[in-house]
Amino acid sequence: MFETVFEDILKQVQRPGRYLGGEWNEIKKDPTNVPLKIALAFPDLYEIGMSYLGQKILYAIINERSDFLAERVFAPGADFEALLRENRIPYFSIENRIPLDEFDVLGFSLLYDLNYSNILTILDLGQIPIWTSKRKAVFPLVIGGGPAVFNPEPVAEIFDLFLIGEGEEAFLEILETISRLKQDGASREFILKDLAKIRSVYVPSLYRTYLPSRSSLFAVKPIQNAPSKIKKRVVHPFQNSPFPEKIIVPNIKIIFDRVSVEVSRGCPQNCRFCQASNIYFPSRVKDPSDVVNKVLKSLQSTGYEEASLSSLSISDYPYLSGTMNELMENLEKDKISLSLPSMRPKGLTKDVTESILRVRKTGFTIVPEAGTERLRMVINKNLRDDDIWEAASNAFSQGWRLLKLYFMVGLPTEQEEDLRGIVDMVNKIITLGRNILNKFPQINLSVSSFIPKPHTPFQWVGMENEQVLWKKHAYIKSHLKKHRSVRFKNHPIRSSILEGIFSRGDRRLNAVLVQAWREGARFDSWSDFFDFDIWKRAFETNDLDYSIYLSELSRSAALPWDHIHTGIKKKYLLQELERAFAAENTESCLEKDCAVCQGCTLWPLYEKEFPKKMVQSQMKRHMLGKEMEESLRYRAFYSKLGRARFLSHNDLSNILQRGFRRAGIGVQYSEGFHPKMIMSFLPALPLGMGGKEEVLEFKSAFEFTEKDFLSRVNTVLPMDIRFLRLEEVATNRSSMTDEIKSMVYSLSLDGTQIDRLVKNWTGKKGSSKNEGSEMLLKKVQEGIEARDPGVVEKIEFFEKQNKFQLSVKFDKGHSVRIQDIVKNIFTIENPVHNIIREKVVFN
């Protein structure tokens, strides 16, 4: 019953592939054989959550344990949420569709303050009380982790506990404790008190709020012997931290759709606005030989066509050039590209640039942050104008025509000359590009608003108000609008204001959050959904002036997040704030002497170098068949049925190409800067329509048999996609599309639909039997001929199956949509789900 209703819901949502599961490398265990079940929740859409590396790591290390089960859940789209509520279906995990309230632990990855409203949606749909105080023993423990928990107070009354810091070791320790105490029959309160003894665990119910002197924000202090400071967990040595090779390959396009391997954690630079460098401190690196092996093995396991090296500061990875060269020696032959996060211009060496270009041009990004050298000194961004010109010139000289630039406005001490500096910089880069490329370069200009973040030197400064920020954004846009090649990406100012409120919020925001959610707040990081008026009403209802969270804070008062300890000393942050106002530069941790600095408590864990040398690695290529001197042409037949019907044509193409790579089936690539695997498909099936015998064509430099092809490829495909047969085709034959004569479709109807048609066309009640079926077929033929004469070559009706079969003539110049024919003749709305393309008839 549930699966039937679930499929009906999938027919009505925008992107059903978000909820299907069944992806390659998915781990699906029997939930009845596992003592502890954990749902890993990400409070944003599937496309965002599946791009997050942290969840992939936790998913792998938890599921390695035979006594634990981890399954995924993401925030439902608005359409899916509405249908779940309408059908009264409790929200569930992706793998086994387990209702959320049946899990023992519900762990949220909290990356972004503007995702908080989606947390409440997931809890409410999962029939779990929103307030921690309302949860009884039967409900799962709700745990939060990730960068946003370094100020957990705005959601402290919603979570049972938080894990502060890195979770690879600590999360397993938490789960082991929960499992042991649950088996002992311990109460929920006892479990929470015992968990609070684990280093880096914060249990908000063991703390009370108070208003410190000289402060407008509430801080917290412990009760019941809870620790006064929660020290973050740090994985050390980082080299030994687990990292999954067999990551899940999504069936639909996601934001970062590639293999991504972490080469370092933390950042040695000391940008004063950057929270990430402090919460992931200290900087640690991985052995380059291990990095290369992880990338190569993961590419083989996933079939991805792109890999990236992940780091907060990739330019500071000491083995970057050697790692890239070693990787490209392996990847180039398979047309797999390598991309990097945004780099400091000084790190963009000739070797690095040449390595990127060996397969295809990936993104080129420069992040000046500020328009003048003076302001970059204030924020401690060690970047000169000449460095920026050199990096831009280097990019244009190597053939890049698109450059991404990132700036912030509203930074401390910012003046009009700093805004003018942004305009001047963009103008000069455009001139540089034109001189080198002989045409205007494309500039993607992203301008965001500065937000003072906890645990940074700027945590005490105020955030500029909406009107001032709007004028600064408008200034930049108005002075650059003459350039048609500049594309602006402005972060909505009101979204930044709400983020600023929650980033420095206290526990009073819990009530505001719940109120706004009840009034419809969802996906506040998405401009299509964000409504600041909802939030303003929520603040008014709770008699709370949100401007207090954006104002300058007293440097001597206790702050809402002071009990969370990153390892960076507060007095050091204050010193850095003074140096910022004096526009003084602070050396990076690579250059500083820790004994002199003494700004942190974690310096013994800091890794300035890694002693090992690079070890050569080679990707194991298990190519199918015998390599030939000339390419062969193949035509492969496959089915796309069941849940695969809910995948788009583009998603299907990606799935098949990655499947071919996993299977070692060599396919010819296009030439040029962006080589692509060349595959020819039939005209695309609409979303929801199945295909019983679809066809694709490809060329390969390898000769293989049908038996070997089917045996290899069908072992590496995800749900409900299977190859049926393979034919070798003469290379001088016409294209596949030119050879199509007709397409055969079947339309399946239930008895009620058949009876309704009989009644409509005969004026009689009755079934499809007797004269009804003959009349039915006649009416269908007449209707189709009147609407599209000569298009349908043959119509049959199979009475036992209540199924029509229509052979539709194919004309490349005049495509006929079978769903339109069915909709008009059979008066069925959205009929694609009733139709299957049975086969294609070739000339």
# chains A, B, ... in the order shown; residues from 1 in each chain; ligands from 1
$ select_by_dssp --residues "stretch 554-642 of chain A" --states "strand (DSSP E)" --output "list in words"
Ile564, His565, Lys626, Glu627, Met628, Glu629, Glu630, Ser631, Leu632, Arg633, Tyr634, Arg635, Ala636, Phe637, Tyr638, Ser639 and Lys640 of chain A
$ residues_around --residues "stretch 802-813 of chain A" --least-positions-apart "2" --cutoff "7 Å" --atoms "only C-alpha atoms" --output "list in words"
Ile740, Lys741, Ser742, Met743, Val744, Tyr745, Ser746, Leu747, Ser748, Leu749, Asp750, Val791, Val792, Glu793, Lys794, Ile795, Glu796, Phe797, Phe798, Glu799, Lys800 and Ser815 of chain A
$ write_last_selection --atoms "N, CA, C and O atoms" --output "JSON list (two decimals), in the first residue's frame"
[["chain", "number", "residue", "atom", "x", "y", "z"],
["A", 740, "ILE", "N", 15.24, 5.36, -38.24],
["A", 740, "ILE", "CA", 14.02, 5.04, -37.50],
["A", 740, "ILE", "C", 12.81, 5.15, -38.42],
["A", 740, "ILE", "O", 12.59, 6.17, -39.09],
["A", 741, "LYS", "N", 12.01, 4.10, -38.47],
["A", 741, "LYS", "CA", 10.78, 4.08, -39.26],
["A", 741, "LYS", "C", 9.58, 4.47, -38.40],
["A", 741, "LYS", "O", 8.77, 5.32, -38.76],
["A", 742, "SER", "N", 9.48, 3.84, -37.23],
["A", 742, "SER", "CA", 8.34, 4.11, -36.34],
["A", 742, "SER", "C", 8.70, 3.73, -34.91],
["A", 742, "SER", "O", 9.71, 3.06, -34.67],
["A", 743, "MET", "N", 7.86, 4.18, -33.99],
["A", 743, "MET", "CA", 8.03, 3.83, -32.58],
["A", 743, "MET", "C", 6.73, 3.24, -32.08],
["A", 743, "MET", "O", 5.64, 3.75, -32.36],
["A", 744, "VAL", "N", 6.87, 2.16, -31.30],
["A", 744, "VAL", "CA", 5.70, 1.45, -30.80],
["A", 744, "VAL", "C", 5.53, 1.76, -29.31],
["A", 744, "VAL", "O", 6.47, 1.60, -28.53],
["A", 745, "TYR", "N", 4.33, 2.22, -28.96],
["A", 745, "TYR", "CA", 4.01, 2.59, -27.57],
["A", 745, "TYR", "C", 2.86, 1.73, -27.08],
["A", 745, "TYR", "O", 1.97, 1.33, -27.85],
["A", 746, "SER", "N", 2.85, 1.45, -25.78],
["A", 746, "SER", "CA", 1.70, 0.80, -25.16],
["A", 746, "SER", "C", 1.10, 1.73, -24.12],
["A", 746, "SER", "O", 1.83, 2.47, -23.45],
["A", 747, "LEU", "N", -0.20, 1.70, -24.02],
["A", 747, "LEU", "CA", -0.94, 2.50, -23.04],
["A", 747, "LEU", "C", -1.75, 1.56, -22.17],
["A", 747, "LEU", "O", -2.64, 0.87, -22.67],
["A", 748, "SER", "N", -1.45, 1.52, -20.89],
["A", 748, "SER", "CA", -2.16, 0.63, -19.96],
["A", 748, "SER", "C", -3.17, 1.45, -19.17],
["A", 748, "SER", "O", -2.84, 2.49, -18.60],
["A", 749, "LEU", "N", -4.42, 0.96, -19.14],
["A", 749, "LEU", "CA", -5.49, 1.61, -18.40],
["A", 749, "LEU", "C", -6.08, 0.64, -17.40],
["A", 749, "LEU", "O", -6.03, -0.57, -17.59],
["A", 750, "ASP", "N", -6.62, 1.19, -16.32],
["A", 750, "ASP", "CA", -7.31, 0.29, -15.38],
["A", 750, "ASP", "C", -8.78, 0.13, -15.81],
["A", 750, "ASP", "O", -9.26, 0.82, -16.71],
["A", 791, "VAL", "N", -0.46, 9.58, -38.97],
["A", 791, "VAL", "CA", 0.64, 9.51, -38.01],
["A", 791, "VAL", "C", 0.71, 8.13, -37.36],
["A", 791, "VAL", "O", 1.79, 7.55, -37.21],
["A", 792, "VAL", "N", -0.42, 7.59, -36.94],
["A", 792, "VAL", "CA", -0.46, 6.29, -36.29],
["A", 792, "VAL", "C", -0.71, 5.22, -37.34],
["A", 792, "VAL", "O", -1.75, 5.19, -38.00],
["A", 793, "GLU", "N", 0.30, 4.35, -37.52],
["A", 793, "GLU", "CA", 0.23, 3.33, -38.56],
["A", 793, "GLU", "C", -0.68, 2.18, -38.16],
["A", 793, "GLU", "O", -1.36, 1.59, -39.00],
["A", 794, "LYS", "N", -0.70, 1.86, -36.88],
["A", 794, "LYS", "CA", -1.45, 0.68, -36.46],
["A", 794, "LYS", "C", -1.86, 0.83, -35.00],
["A", 794, "LYS", "O", -1.10, 1.35, -34.18],
["A", 795, "ILE", "N", -3.08, 0.41, -34.68],
["A", 795, "ILE", "CA", -3.57, 0.42, -33.30],
["A", 795, "ILE", "C", -4.13, -0.96, -32.98],
["A", 795, "ILE", "O", -4.87, -1.54, -33.76],
["A", 796, "GLU", "N", -3.75, -1.48, -31.81],
["A", 796, "GLU", "CA", -4.30, -2.75, -31.33],
["A", 796, "GLU", "C", -4.78, -2.56, -29.90],
["A", 796, "GLU", "O", -4.30, -1.70, -29.17],
["A", 797, "PHE", "N", -5.76, -3.40, -29.52],
["A", 797, "PHE", "CA", -6.26, -3.37, -28.15],
["A", 797, "PHE", "C", -6.20, -4.79, -27.60],
["A", 797, "PHE", "O", -6.76, -5.72, -28.18],
["A", 798, "PHE", "N", -5.50, -4.94, -26.47],
["A", 798, "PHE", "CA", -5.37, -6.24, -25.81],
["A", 798, "PHE", "C", -6.29, -6.23, -24.60],
["A", 798, "PHE", "O", -5.97, -5.64, -23.57],
["A", 799, "GLU", "N", -7.43, -6.88, -24.77],
["A", 799, "GLU", "CA", -8.53, -6.75, -23.80],
["A", 799, "GLU", "C", -8.17, -7.30, -22.43],
["A", 799, "GLU", "O", -8.51, -6.70, -21.40],
["A", 800, "LYS", "N", -7.43, -8.40, -22.37],
["A", 800, "LYS", "CA", -7.12, -9.01, -21.08],
["A", 800, "LYS", "C", -6.25, -8.11, -20.22],
["A", 800, "LYS", "O", -6.34, -8.11, -19.01],
["A", 815, "SER", "N", 8.01, 16.14, -34.99],
["A", 815, "SER", "CA", 7.88, 15.20, -33.89],
["A", 815, "SER", "C", 6.46, 15.19, -33.34],
["A", 815, "SER", "O", 5.85, 16.25, -33.16]]
$ closest_residue --among "A:Asn585, A:Ser289, A:Asn278, A:Ser179" --to "A:Leu383" --atoms "only C-alpha atoms"
A:Asn585
$ residues_around --residues "A:Leu602" --least-positions-apart "4" --cutoff "12 Å" --atoms "only C-alpha atoms" --output "list in words"
Lys231, Lys232, Arg233, Val234, Val235, His236, Asn278, Ile279, Tyr280, Phe281, Pro282, Ser283, Arg284, His565, Thr566, Gly567, Ile568, Lys569, Cys594, Ala595, Gln598, Tyr606 and Glu607 of chain A
$ residues_around --residues "A:Arg722" --least-positions-apart "6" --cutoff "9 Å" --atoms "only C-alpha atoms" --output "PyMOL selection string"
chain A and resi 637-641+710+713-714
$ closest_residue --among "A:Asp506, A:Asp160, A:Asp755, A:Glu576" --to "A:Tyr202" --atoms "only C-alpha atoms"
A:Asp160
$ atom_distance --atom1 "atom CA of A:Lys482" --atom2 "atom CA of A:Asn427"
10.5 Å
$ closest_residue --among "A:Leu577, A:Lys37, A:Arg787, A:Gly49" --to "A:Ile254" --atoms "only C-alpha atoms"
A:Gly49
$ residues_around --residues "A:Leu36" --least-positions-apart "5" --cutoff "9 Å" --atoms "only C-alpha atoms" --output "PyMOL selection string"
chain A and resi 31+67-70+103-105+175+178-179
$ write_last_selection --atoms "N, CA, C and O atoms" --output "PDB file, in the first residue's frame"
ATOM      1  N   PRO A  31      17.219  -3.604   8.321  1.00  0.00           N
ATOM      2  CA  PRO A  31      17.067  -2.878   9.593  1.00  0.00           C
ATOM      3  C   PRO A  31      16.666  -3.762  10.756  1.00  0.00           C
ATOM      4  O   PRO A  31      16.861  -3.375  11.920  1.00  0.00           O
ATOM      5  N   ASP A  67      27.029  -3.433  13.606  1.00  0.00           N
ATOM      6  CA  ASP A  67      25.979  -3.192  14.592  1.00  0.00           C
ATOM      7  C   ASP A  67      25.285  -1.839  14.404  1.00  0.00           C
ATOM      8  O   ASP A  67      24.398  -1.489  15.166  1.00  0.00           O
ATOM      9  N   PHE A  68      25.690  -1.073  13.386  1.00  0.00           N
ATOM     10  CA  PHE A  68      25.067   0.215  13.099  1.00  0.00           C
ATOM     11  C   PHE A  68      24.504   0.223  11.682  1.00  0.00           C
ATOM     12  O   PHE A  68      25.032  -0.437  10.781  1.00  0.00           O
ATOM     13  N   LEU A  69      23.446   0.984  11.501  1.00  0.00           N
ATOM     14  CA  LEU A  69      22.877   1.243  10.177  1.00  0.00           C
ATOM     15  C   LEU A  69      22.737   2.748  10.021  1.00  0.00           C
ATOM     16  O   LEU A  69      22.219   3.419  10.904  1.00  0.00           O
ATOM     17  N   ALA A  70      23.224   3.295   8.903  1.00  0.00           N
ATOM     18  CA  ALA A  70      23.061   4.718   8.623  1.00  0.00           C
ATOM     19  C   ALA A  70      22.332   4.882   7.301  1.00  0.00           C
ATOM     20  O   ALA A  70      22.708   4.272   6.297  1.00  0.00           O
ATOM     21  N   PHE A 103      13.976   5.624  14.116  1.00  0.00           N
ATOM     22  CA  PHE A 103      15.430   5.606  14.279  1.00  0.00           C
ATOM     23  C   PHE A 103      15.789   5.847  15.740  1.00  0.00           C
ATOM     24  O   PHE A 103      15.006   6.409  16.510  1.00  0.00           O
ATOM     25  N   ASP A 104      17.006   5.437  16.102  1.00  0.00           N
ATOM     26  CA  ASP A 104      17.513   5.700  17.454  1.00  0.00           C
ATOM     27  C   ASP A 104      18.180   7.069  17.536  1.00  0.00           C
ATOM     28  O   ASP A 104      18.149   7.718  18.579  1.00  0.00           O
ATOM     29  N   VAL A 105      18.775   7.480  16.436  1.00  0.00           N
ATOM     30  CA  VAL A 105      19.498   8.750  16.388  1.00  0.00           C
ATOM     31  C   VAL A 105      19.145   9.455  15.087  1.00  0.00           C
ATOM     32  O   VAL A 105      19.087   8.819  14.021  1.00  0.00           O
ATOM     33  N   LEU A 175      27.742   7.163  19.406  1.00  0.00           N
ATOM     34  CA  LEU A 175      26.835   6.072  19.039  1.00  0.00           C
ATOM     35  C   LEU A 175      27.081   4.827  19.895  1.00  0.00           C
ATOM     36  O   LEU A 175      26.132   4.141  20.297  1.00  0.00           O
ATOM     37  N   ILE A 178      25.436   5.475  23.248  1.00  0.00           N
ATOM     38  CA  ILE A 178      23.976   5.381  23.153  1.00  0.00           C
ATOM     39  C   ILE A 178      23.545   3.925  23.052  1.00  0.00           C
ATOM     40  O   ILE A 178      22.601   3.490  23.733  1.00  0.00           O
ATOM     41  N   SER A 179      24.246   3.166  22.211  1.00  0.00           N
ATOM     42  CA  SER A 179      23.877   1.764  22.023  1.00  0.00           C
ATOM     43  C   SER A 179      23.998   0.980  23.332  1.00  0.00           C
ATOM     44  O   SER A 179      23.094   0.212  23.706  1.00  0.00           O
TER      45      SER A 179
END
$ closest_residue --among "A:Leu206, A:Leu419, A:Ile534, A:Leu123" --to "A:Leu513" --atoms "only C-alpha atoms"
A:Ile534
$ residues_around --residues "stretch 689-692 of chain A" --least-positions-apart "3" --cutoff "6 Å" --atoms "only C-alpha atoms" --output "MDAnalysis selection string"
chainID A and resid 639:641 645 686 832:833 835:838
$ closest_residue --among "A:Gln300, A:Gln459, A:Asn25, A:Asn760" --to "A:Ile336" --atoms "only C-alpha atoms"
A:Gln300
$ select_by_dssp --residues "stretch 598-759 of chain A" --states "alpha helix (DSSP H)" --output "PyMOL selection string"
chain A and resi 649-663+706-713+751-759
$ atom_distance --atom1 "atom CA of A:Leu574" --atom2 "atom CA of A:Ala226"
27.6 Å
$ closest_residue --among "A:Lys404, A:His563, A:Lys489, A:Lys570" --to "A:Lys229" --atoms "only C-alpha atoms"
A:His563
$ residues_around --residues "stretch 670-681 of chain A" --least-positions-apart "3" --cutoff "12 Å" --atoms "only C-alpha atoms" --output "VMD selection string"
chain A and resid 304 to 306 332 to 337 356 to 362 398 to 400 633 to 638 649 to 650 652 to 654 656 to 658 660 to 661 665 to 667 684 to 685 694 to 700 735 to 738 740 840
$ atom_distance --atom1 "atom CA of A:Gly433" --atom2 "atom CA of A:Ser449"
27.2 Å
